[in-house]
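J.: structure_30.cif (mmCIF, C-alpha atoms and all ligand atoms) pasted underneath:
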```
data_input
#
loop_
_atom_site.label_atom_id
_atom_site.label_comp_id
_atom_site.auth_asym_id
_atom_site.auth_seq_id
_atom_site.Cartn_x
_atom_site.Cartn_y
_atom_site.Cartn_z
CA MET Z 169 0.00 0.00 0.00
CA ARG Z 170 1.27 3.45 -0.92
CA ASN Z 171 0.89 5.99 1.82
CA ASN Z 172 0.54 9.69 2.45
CA ILE Z 173 -0.88 11.00 -0.77
CA TYR Z 174 -1.92 14.48 0.18
CA LEU Z 175 -4.80 15.80 -1.92
CA ASP Z 176 -5.98 18.59 0.35
CA THR Z 177 -3.85 21.60 -0.62
CA ALA Z 178 -6.95 23.80 -0.65
CA ALA Z 179 -7.04 23.33 3.14
CA THR Z 180 -3.34 23.87 3.71
CA THR Z 181 0.11 22.89 2.43
CA ARG Z 182 3.34 21.73 4.00
CA VAL Z 183 5.97 24.42 4.51
CA ASP Z 184 8.59 24.00 1.80
CA GLN Z 185 12.10 23.17 3.08
CA GLU Z 186 13.51 26.23 1.30
CA VAL Z 187 10.97 28.38 3.10
CA VAL Z 188 11.92 26.88 6.47
CA LYS Z 189 15.57 27.59 5.68
CA VAL Z 190 15.09 31.32 5.08
CA MET Z 191 12.86 31.64 8.16
CA MET Z 192 15.24 30.02 10.67
CA PRO Z 193 17.71 32.92 11.19
CA TYR Z 194 14.80 35.22 12.11
CA PHE Z 195 14.06 33.14 15.20
CA THR Z 196 17.64 33.28 16.48
CA ASP Z 197 20.44 35.54 15.15
CA LYS Z 198 18.10 38.03 13.48
CA PHE Z 199 15.47 38.26 16.21
CA GLY Z 200 15.17 42.07 16.19
CA ASN Z 201 11.97 44.07 16.48
CA ALA Z 202 11.36 45.92 13.22
CA SER Z 203 10.38 49.05 15.17
CA SER Z 204 13.72 49.28 17.01
CA LEU Z 205 16.25 51.89 15.93
CA HIS Z 206 19.39 49.82 16.55
CA SER Z 207 20.99 47.71 13.86
CA SER Z 208 19.18 44.53 14.91
CA GLY Z 209 15.86 46.33 14.48
CA ARG Z 210 16.93 47.79 11.16
CA GLU Z 211 17.84 44.31 9.97
CA ALA Z 212 14.30 43.14 10.76
CA GLU Z 213 12.82 46.23 9.12
CA LYS Z 214 14.86 45.53 5.99
CA ALA Z 215 13.56 41.94 5.92
CA LEU Z 216 10.00 43.28 6.16
CA SER Z 217 10.40 45.82 3.40
CA ASP Z 218 12.13 43.30 1.10
CA SER Z 219 9.26 40.86 1.72
CA ARG Z 220 6.68 43.55 1.04
CA LYS Z 221 8.42 44.31 -2.25
CA THR Z 222 8.63 40.66 -3.35
CA ILE Z 223 4.95 40.02 -2.64
CA SER Z 224 3.81 43.34 -4.12
CA GLU Z 225 5.55 42.58 -7.41
CA LYS Z 226 3.49 39.40 -7.74
CA VAL Z 227 0.28 41.40 -8.13
CA ASN Z 228 1.60 44.60 -9.72
CA ALA Z 229 0.88 46.67 -6.61
CA LYS Z 230 1.96 50.24 -7.39
CA ASN Z 231 -0.49 52.34 -5.42
CA HIS Z 232 -1.29 49.92 -2.62
CA ARG Z 233 0.05 49.31 0.86
CA LEU Z 234 0.58 45.69 1.83
CA VAL Z 235 -0.52 45.31 5.44
CA PHE Z 236 0.74 42.08 7.00
CA THR Z 237 -1.82 40.22 9.09
CA SER Z 238 -2.28 36.88 10.84
CA GLY Z 239 -3.85 35.27 7.74
CA GLY Z 240 -6.77 35.21 5.36
CA THR Z 241 -9.41 35.32 8.07
CA GLU Z 242 -8.01 38.49 9.61
CA SER Z 243 -7.46 40.15 6.23
CA ASN Z 244 -11.05 39.50 5.17
CA ASN Z 245 -12.42 40.73 8.51
CA PHE Z 246 -10.22 43.83 8.26
CA ALA Z 247 -11.32 44.57 4.68
CA LEU Z 248 -15.04 44.22 5.44
CA LYS Z 249 -15.27 45.74 8.90
CA GLY Z 250 -12.54 48.32 8.30
CA VAL Z 251 -14.15 49.68 5.15
CA ALA Z 252 -17.67 49.43 6.58
CA PHE Z 253 -16.92 51.50 9.66
CA ALA Z 254 -14.71 54.07 7.94
CA ASN Z 255 -17.33 54.73 5.24
CA ARG Z 256 -20.60 54.44 7.12
CA GLU Z 257 -21.32 58.13 6.63
CA LYS Z 258 -21.42 57.48 2.90
CA GLY Z 259 -23.60 54.39 3.08
CA LYS Z 260 -24.32 51.13 4.83
CA HIS Z 261 -24.77 48.75 1.93
CA ILE Z 262 -22.30 46.01 1.03
CA ILE Z 263 -22.50 43.44 -1.77
CA THR Z 264 -20.98 39.97 -1.58
CA SER Z 265 -21.84 36.52 -2.95
CA ARG Z 266 -23.35 33.30 -1.63
CA VAL Z 267 -20.12 31.38 -2.32
CA GLU Z 268 -17.68 33.26 -0.10
CA HIS Z 269 -15.45 31.70 2.51
CA ASP Z 270 -17.08 31.44 5.95
CA CYS Z 271 -14.91 34.24 7.32
CA VAL Z 272 -16.41 36.69 4.81
CA LEU Z 273 -19.97 35.44 5.30
CA ASN Z 274 -19.75 35.50 9.08
CA ALA Z 275 -18.13 38.95 9.11
CA CYS Z 276 -21.07 40.10 6.95
CA LYS Z 277 -23.57 38.53 9.34
CA TRP Z 278 -21.94 40.40 12.19
CA LEU Z 279 -22.05 43.65 10.21
CA GLU Z 280 -25.78 43.13 9.68
CA LYS Z 281 -26.16 43.17 13.45
CA GLN Z 282 -24.31 46.50 13.52
CA GLY Z 283 -26.85 48.06 11.14
CA PHE Z 284 -25.25 47.37 7.76
CA GLU Z 285 -27.26 45.90 4.91
CA ILE Z 286 -25.74 43.06 2.89
CA THR Z 287 -26.75 41.73 -0.52
CA TYR Z 288 -25.68 38.12 -1.14
CA LEU Z 289 -25.50 37.63 -4.91
CA PRO Z 290 -26.57 34.25 -6.27
CA VAL Z 291 -24.33 32.23 -8.60
CA ASP Z 292 -25.03 29.97 -11.57
CA ARG Z 293 -24.67 26.18 -11.72
CA GLU Z 294 -20.87 26.49 -12.11
CA GLY Z 295 -20.46 29.03 -9.33
CA PHE Z 296 -20.08 32.21 -11.40
CA VAL Z 297 -21.51 35.46 -10.08
CA ASP Z 298 -23.95 37.10 -12.49
CA LEU Z 299 -22.47 40.43 -13.64
CA ASN Z 300 -25.85 41.92 -14.56
CA GLY Z 301 -27.08 41.01 -11.12
CA LEU Z 302 -24.08 42.80 -9.64
CA GLU Z 303 -24.73 45.96 -11.66
CA LYS Z 304 -28.37 45.98 -10.60
CA ALA Z 305 -27.49 45.44 -6.95
CA ILE Z 306 -25.23 48.52 -6.70
CA ARG Z 307 -27.07 51.43 -5.07
CA LYS Z 308 -26.25 54.99 -4.09
CA ASP Z 309 -25.42 53.86 -0.57
CA THR Z 310 -23.25 50.88 -1.63
CA ILE Z 311 -19.76 51.26 -0.19
CA LEU Z 312 -18.09 47.93 -0.94
CA VAL Z 313 -18.28 44.89 -3.21
CA SER Z 314 -16.48 41.79 -1.91
CA ILE Z 315 -16.29 38.79 -4.22
CA ILE Z 316 -14.02 35.78 -3.81
CA HIS Z 317 -11.45 35.30 -6.59
CA ALA Z 318 -11.13 31.50 -6.80
CA ASN Z 319 -13.57 29.38 -4.86
CA ASN Z 320 -12.03 27.17 -2.18
CA GLU Z 321 -14.59 24.39 -2.60
CA ILE Z 322 -15.36 24.17 -6.31
CA GLY Z 323 -12.50 26.11 -7.91
CA THR Z 324 -14.56 28.66 -9.87
CA ILE Z 325 -12.42 31.63 -10.92
CA GLU Z 326 -14.65 34.69 -10.86
CA PRO Z 327 -14.27 37.34 -13.61
CA LEU Z 328 -12.27 39.86 -11.54
CA THR Z 329 -11.49 42.19 -14.42
CA GLU Z 330 -15.16 42.65 -15.27
CA ILE Z 331 -16.18 43.01 -11.61
CA GLY Z 332 -13.39 45.52 -11.01
CA LYS Z 333 -14.50 47.56 -14.00
CA ILE Z 334 -18.11 47.68 -12.82
CA CYS Z 335 -17.04 48.77 -9.33
CA SER Z 336 -14.66 51.42 -10.55
CA ASP Z 337 -17.23 52.83 -13.01
CA ARG Z 338 -19.73 53.10 -10.16
CA GLY Z 339 -17.26 54.46 -7.61
CA VAL Z 340 -17.59 51.54 -5.19
CA TYR Z 341 -14.63 49.91 -3.46
CA PHE Z 342 -13.80 46.40 -4.67
CA HIS Z 343 -12.31 43.75 -2.37
CA THR Z 344 -11.44 40.21 -3.38
CA ASP Z 345 -10.41 37.19 -1.32
CA ALA Z 346 -7.53 35.66 -3.27
CA CYS Z 347 -6.34 33.08 -0.72
CA GLN Z 348 -6.80 30.23 -3.20
CA SER Z 349 -5.64 32.01 -6.32
CA PHE Z 350 -2.61 34.04 -5.21
CA THR Z 351 0.42 32.85 -7.27
CA LYS Z 352 -1.79 30.37 -9.17
CA VAL Z 353 -3.92 32.79 -11.20
CA PRO Z 354 -2.44 36.07 -12.49
CA ILE Z 355 -3.61 39.10 -10.52
CA ASN Z 356 -2.99 42.71 -11.49
CA LEU Z 357 -4.26 45.22 -8.93
CA GLU Z 358 -4.00 48.12 -11.35
CA LYS Z 359 -5.44 46.60 -14.52
CA GLN Z 360 -8.20 44.81 -12.62
CA ASN Z 361 -9.21 47.82 -10.51
CA ILE Z 362 -8.83 45.97 -7.23
CA ASP Z 363 -8.88 48.22 -4.17
CA LEU Z 364 -8.38 45.58 -1.49
CA LEU Z 365 -6.87 42.11 -1.89
CA THR Z 366 -6.67 39.34 0.71
CA ILE Z 367 -3.83 36.80 0.49
CA ASN Z 368 -2.30 34.25 2.85
CA SER Z 369 0.78 32.10 3.14
CA HIS Z 370 -0.22 28.59 4.20
CA LYS Z 371 -2.01 27.72 0.96
CA ILE Z 372 1.23 28.27 -1.01
CA TYR Z 373 3.79 26.24 0.98
CA GLY Z 374 4.44 29.02 3.49
CA PRO Z 375 3.85 29.08 7.25
CA LYS Z 376 0.41 29.29 8.87
CA GLY Z 377 -0.69 32.42 10.71
CA VAL Z 378 0.62 34.91 8.14
CA GLY Z 379 -1.29 36.82 5.50
CA GLY Z 380 -1.75 40.23 4.02
CA LEU Z 381 -4.25 42.79 2.88
CA PHE Z 382 -3.37 45.13 0.03
CA VAL Z 383 -5.11 48.47 0.55
CA ARG Z 384 -5.12 51.03 -2.24
CA GLN Z 385 -3.79 54.47 -1.19
CA GLY Z 386 -6.72 56.70 -0.41
CA VAL Z 387 -9.11 53.88 0.49
CA ARG Z 388 -10.61 54.63 3.87
CA ALA Z 389 -10.36 51.68 6.24
CA ASP Z 390 -10.38 51.66 10.04
CA PRO Z 391 -7.92 49.29 11.72
CA LEU Z 392 -9.21 46.32 13.73
CA LEU Z 393 -6.20 46.42 16.04
CA HIS Z 394 -5.13 49.67 17.69
CA GLY Z 395 -1.73 50.05 19.31
CA GLY Z 396 1.72 51.23 18.42
CA GLY Z 397 0.86 52.16 14.85
CA HIS Z 398 2.64 49.36 13.02
CA GLU Z 399 1.85 48.58 9.39
CA PHE Z 400 1.01 52.16 8.34
CA GLY Z 401 -1.20 52.49 11.43
CA LEU Z 402 -3.57 49.92 9.97
CA ARG Z 403 -2.55 46.85 12.01
CA SER Z 404 -0.71 47.35 15.24
CA GLY Z 405 1.38 44.64 16.85
CA THR Z 406 5.02 43.61 16.47
CA GLU Z 407 5.37 42.04 13.05
CA ASN Z 408 5.83 38.29 12.65
CA VAL Z 409 9.16 38.78 10.86
CA SER Z 410 10.10 35.11 10.40
CA GLY Z 411 6.62 34.27 9.13
CA ILE Z 412 6.59 37.21 6.74
CA VAL Z 413 10.03 36.31 5.36
CA GLY Z 414 8.72 32.76 4.82
CA PHE Z 415 5.58 34.07 3.13
CA ALA Z 416 7.65 36.12 0.67
CA LYS Z 417 9.92 33.18 -0.10
CA ALA Z 418 6.87 30.95 -0.69
CA ALA Z 419 5.34 33.54 -3.04
CA GLU Z 420 8.61 33.83 -4.93
CA MET Z 421 8.94 30.06 -5.32
CA MET Z 422 5.58 29.37 -6.97
CA LYS Z 423 6.20 29.19 -10.71
CA GLU Z 424 4.17 28.79 -13.88
CA ASP Z 425 5.56 25.24 -14.20
CA HIS Z 426 3.96 24.29 -10.90
CA VAL Z 427 0.62 25.65 -12.04
CA GLU Z 428 0.80 23.67 -15.27
CA HIS Z 429 1.82 20.51 -13.42
CA MET Z 430 -1.11 20.84 -11.01
CA ALA Z 431 -3.54 21.50 -13.87
CA ARG Z 432 -2.39 18.31 -15.63
CA LEU Z 433 -2.91 16.22 -12.49
CA ARG Z 434 -6.29 17.87 -11.87
CA ASP Z 435 -7.43 17.02 -15.41
CA MET Z 436 -6.26 13.44 -15.02
CA LEU Z 437 -8.19 13.16 -11.77
CA ILE Z 438 -11.33 14.64 -13.31
CA LYS Z 439 -11.20 12.40 -16.37
CA GLY Z 440 -10.68 9.26 -14.29
CA ALA Z 441 -13.26 10.04 -11.61
CA LEU Z 442 -15.99 10.81 -14.14
CA GLU Z 443 -15.63 7.26 -15.51
CA ILE Z 444 -17.46 6.23 -12.35
CA GLU Z 445 -21.19 5.92 -13.02
CA ASP Z 446 -23.61 8.40 -11.47
CA SER Z 447 -20.96 11.00 -10.80
CA TRP Z 448 -20.41 14.59 -11.84
CA LEU Z 449 -17.94 17.43 -11.48
CA ASN Z 450 -18.93 20.42 -9.35
CA GLY Z 451 -17.65 23.77 -10.57
CA PRO Z 452 -16.63 24.75 -14.09
CA THR Z 453 -14.40 23.01 -16.63
CA LYS Z 454 -13.17 26.35 -17.98
CA ASP Z 455 -11.87 29.05 -15.62
CA ARG Z 456 -11.19 26.49 -12.95
CA LEU Z 457 -8.44 26.72 -10.33
CA CYS Z 458 -5.42 24.56 -11.31
CA ASN Z 459 -5.47 22.37 -8.19
CA ASN Z 460 -9.19 21.88 -7.54
CA ALA Z 461 -11.45 18.92 -8.30
CA ASN Z 462 -14.84 18.45 -6.62
CA PHE Z 463 -17.16 15.55 -7.38
CA THR Z 464 -20.55 14.25 -6.42
CA PHE Z 465 -20.96 10.47 -6.34
CA ARG Z 466 -24.62 9.69 -6.02
CA PHE Z 467 -25.97 7.21 -3.44
CA ILE Z 468 -23.02 7.49 -1.04
CA GLU Z 469 -21.81 9.69 1.81
CA GLY Z 470 -18.79 11.87 1.08
CA GLU Z 471 -17.67 11.41 4.65
CA SER Z 472 -17.52 7.61 4.38
CA LEU Z 473 -15.57 8.01 1.15
CA VAL Z 474 -13.04 10.36 2.77
CA VAL Z 475 -12.57 7.92 5.68
CA HIS Z 476 -12.18 5.01 3.28
CA MET Z 477 -9.58 6.86 1.24
CA ASP Z 478 -7.75 7.92 4.38
CA MET Z 479 -7.38 4.24 5.31
CA LYS Z 480 -5.64 3.80 1.98
CA GLY Z 481 -3.30 6.69 2.74
CA ILE Z 482 -5.04 9.37 0.69
CA ALA Z 483 -6.06 12.71 2.22
CA ALA Z 484 -9.19 14.21 0.61
CA SER Z 485 -11.93 16.45 2.00
CA THR Z 486 -15.71 16.57 2.15
CA GLY Z 487 -15.55 20.20 1.11
CA SER Z 488 -14.49 23.15 3.10
CA ALA Z 489 -12.23 22.12 5.99
CA CYS Z 490 -13.89 24.74 8.14
CA SER Z 491 -17.37 23.32 7.82
CA SER Z 492 -16.47 19.63 7.91
CA ASN Z 493 -17.30 19.48 11.62
CA THR Z 494 -20.90 20.49 11.04
CA LEU Z 495 -23.57 18.40 9.40
CA GLU Z 496 -24.97 21.30 7.40
CA PRO Z 497 -24.58 20.80 3.65
CA SER Z 498 -21.93 23.09 2.17
CA HIS Z 499 -23.34 26.57 1.45
CA VAL Z 500 -21.33 26.64 -1.78
CA LEU Z 501 -22.81 23.39 -3.10
CA SER Z 502 -26.29 24.57 -2.08
CA ALA Z 503 -25.68 27.85 -3.91
CA ILE Z 504 -24.91 26.03 -7.18
CA GLY Z 505 -28.16 24.11 -6.83
CA LEU Z 506 -27.22 20.77 -5.28
CA LYS Z 507 -29.80 19.06 -3.11
CA PRO Z 508 -28.68 18.27 0.45
CA GLU Z 509 -28.26 14.55 -0.32
CA GLU Z 510 -26.16 15.44 -3.38
CA SER Z 511 -23.97 17.73 -1.28
CA HIS Z 512 -23.44 14.95 1.21
CA GLY Z 513 -22.20 12.70 -1.59
CA SER Z 514 -19.51 15.20 -2.60
CA ILE Z 515 -15.78 15.26 -2.06
CA ARG Z 516 -13.02 17.71 -2.87
CA MET Z 517 -9.55 16.65 -3.92
CA SER Z 518 -6.97 19.41 -4.33
CA VAL Z 519 -3.62 18.51 -5.84
CA GLY Z 520 -0.23 20.07 -5.10
CA ARG Z 521 3.02 20.64 -6.90
CA GLU Z 522 4.54 17.68 -5.00
CA ASN Z 523 2.00 15.13 -6.32
CA THR Z 524 2.91 12.71 -9.11
CA LYS Z 525 1.02 11.01 -11.94
CA GLY Z 526 1.55 7.69 -10.17
CA GLU Z 527 -0.20 9.02 -7.08
CA ILE Z 528 -3.19 10.12 -9.13
CA GLU Z 529 -3.38 6.70 -10.83
CA TYR Z 530 -3.38 4.99 -7.44
CA THR Z 531 -5.97 7.47 -6.13
CA LEU Z 532 -8.30 6.69 -9.03
CA GLU Z 533 -8.01 2.94 -8.38
CA VAL Z 534 -8.84 3.46 -4.71
CA LEU Z 535 -11.66 5.86 -5.54
CA LYS Z 536 -13.36 3.51 -8.01
CA ASP Z 537 -13.09 0.59 -5.61
CA ALA Z 538 -14.34 2.65 -2.64
CA VAL Z 539 -17.35 4.08 -4.46
CA GLU Z 540 -18.34 0.61 -5.62
CA LYS Z 541 -18.02 -0.88 -2.13
CA LEU Z 542 -19.90 1.95 -0.46
CA ARG Z 543 -22.72 1.77 -2.98
CA LYS Z 544 -23.17 -1.94 -2.24
CA ILE Z 545 -23.95 -1.14 1.38
CA SER Z 546 -25.65 2.20 0.73
CA PRO Z 547 -29.16 2.73 2.11
CA PHE Z 548 -29.83 5.36 -0.62
CA LYS Z 549 -29.00 3.03 -3.46
CA ARG Z 550 -31.02 3.33 -6.63
CA GLN Z 551 -34.08 1.13 -6.35
CA GLY Z 552 -34.65 -1.61 -8.91
CA GLY Z 553 -31.90 -0.80 -11.37
C1 LIG Z 601 -7.98 29.43 3.65
C2 LIG Z 601 -8.88 30.51 3.19
C3 LIG Z 601 -9.20 31.58 4.03
C4 LIG Z 601 -8.74 31.66 5.46
O1 LIG Z 601 -7.37 31.91 5.56
P1 LIG Z 601 -6.57 31.61 6.92
O2 LIG Z 601 -5.19 32.10 6.61
O3 LIG Z 601 -6.63 30.14 7.12
O4 LIG Z 601 -7.22 32.38 8.00
C5 LIG Z 601 -10.02 32.57 3.52
N1 LIG Z 601 -10.49 32.51 2.26
C6 LIG Z 601 -10.20 31.50 1.44
C7 LIG Z 601 -10.75 31.49 0.05
C8 LIG Z 601 -9.39 30.46 1.87
O5 LIG Z 601 -9.12 29.45 1.05
#
```
Hey, can you dump this file as structure tokens for me?
Ligand SMILES: *Cc1c(COP(=O)(O)O)cnc(C)c1O
T.:
Amino acid sequence: MRNNIYLDTAATTRVDQEVVKVMMPYFTDKFGNASSLHSSGREAEKALSDSRKTISEKVNAKNHRLVFTSGGTESNNFALKGVAFANREKGKHIITSRVEHDCVLNACKWLEKQGFEITYLPVDREGFVDLNGLEKAIRKDTILVSIIHANNEIGTIEPLTEIGKICSDRGVYFHTDACQSFTKVPINLEKQNIDLLTINSHKIYGPKGVGGLFVRQGVRADPLLHGGGHEFGLRSGTENVSGIVGFAKAAEMMKEDHVEHMARLRDMLIKGALEIEDSWLNGPTKDRLCNNANFTFRFIEGESLVVHMDMKGIAASTGSACSSNTLEPSHVLSAIGLKPEESHGSIRMSVGRENTKGEIEYTLEVLKDAVEKLRKISPFKRQGG
């Protein structure tokens, strides 16, 4: 039996050895506080500004500040709450979609309790937000549009350029959550009219607990954390220098070759899995994230399938890692029109640059065998045929 085939890179990735290597000195010899004036502090400050430059270049940030945070969750909360409170004199309406990450949706729910009004745009069968619907939803009192770039469950890549254009024409701030797409899908903050961009490190072979929010100069956003005025006064707290250095190295290391390799493995997985009867792919075939595959296998439980595959050494997921401890069907699968029992028969497999063709071949063998076995004992099995 082959072991440890990790197909859950949408949940997190291992920290690359090269990343660990560049981080290490910042725990020991180079432990300075970036706010200190002495040479040790200046060394840390230099590491921060080099990292900011490396990451900024990845998204053509020219008129944005990169504010380092503790990760995607904090960046999304900061973007939504920060913009909401700083602009509430102008209006209290925010537009988002039904397929956002939980941290965006729950921040929006909280904002509703504070008197803001949120529109949750529907999506089509493949998970794409309707652009006409977006245009119609923008009102005089709309202050922010927040739409995820690449979906973490079904891999849909939303049309950022078009959304950015609509927002800029209407004078509304545009935020996008790019935790899944950063370094995998090209992003250009200028050309795509993106005012705020959320990114994080642990989805791209960097350490956990580090992320960033790009904030365009002139965009009004209140900080969540008040203190010593770090990070342009937008996020106080001594910077996580080692983590940030690791984040920059991870961003620098992701190459077009990796993206192409992942896309090939993804396509192989999709082709093989759809040979199984009564199965389908969730999310689009075109404009799909390079590492994401999400399937429904009718008449079985996704959870049993994930457990079965785990016993064979393969790590897959029933969907979003964050919601796998609830029994609610995934809000993303519901939004694309799946019935609850269809959602429960769904699994997500997300490949990484370290996976091989051989691993995908073995995964497909295990998958076919597992689906067949589980259907034999399934209580929801097709009757009489
Ligand atoms: C992982 C993820 C987040 C949360 O990021 P953390 O760094 O884990 O807090 C937010 N949005 C998307 C799309 C993600 O994939």
J.: Find, counting only C-alpha atoms, the residue in Z:Asp345, Z:Asp363, Z:Asp455, Z:Glu303 that gets nearest to Val251 (chain Z).
T.: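 Of Z:Asp345, Z:Asp363, Z:Asp455, Z:Glu303, the one nearest Val251 (chain Z), counting only C-alpha atoms, is Z:Asp363.
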J.: Given all atoms listed in the file as the basis, pick out the residue of Z:Arg456, Z:Lys525, Z:Arg543, Z:His343 nearest to His429 (chain Z).
T.: Z:Lys525
J.: Residues within 9 Å of ligand LIG 601 (chain Z) should be enumerated using only C-alpha atoms and all ligand atoms and returned as a PyMOL selection string.
T.: chain Z and resi 178-180+238-244+268-272+316-321+345-349+366-371+376-379+488-490
J.: So, with only C-alpha atoms as the atoms that count, which of Z:Ser472, Z:Ser498, Z:Ser511, Z:Ser224 lies closest to Ser546 (chain Z)?
T.: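 For Ser546 (chain Z), the nearest of the candidates is Z:Ser472.
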J.: What's the separation between CA of Asn356 (chain Z) and CA of Ala229 (chain Z), in Å to one decimal place?
T.: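 CA of Ala229 (chain Z) lies 7.4 Å from CA of Asn356 (chain Z).
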J.: Using all atoms listed in the file, can you tell me which of Z:Ile262, Z:Glu407, Z:Asn361, Z:Met436 comes closest to Ser217 (chain Z)?
T.: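 Smallest separation from Ser217 (chain Z) among the options: Z:Glu407.
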J.: Within 10 Å of (-23.9, 6.6, -0.1) (coordinates as in the file), grab all the protein and nucleic acid residues, counting all atoms listed in the file, and write them out as a count of residues only.
T.: 25
J.: With distances taken over all atoms listed in the file, which residue among Z:Leu381, Z:Ile263, Z:Ile355, Z:Ile286 lies nearest Leu234 (chain Z)?
T.: Z:Leu381
J.: Write out as an MDAnalysis selection string which residues come within 12 Å of Asp537 (chain Z) when counting only C-alpha atoms, dropping same-chain ones fewer than 6 positions away.
T.: chainID Z and resid 441 444 473 476:477 480 530:531 543:544
J.: Which distance in Å separates CA of Ala416 (chain Z) and CA of Gly374 (chain Z), to one decimal?
T.: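 Here the two named atoms are 8.3 Å from each other.
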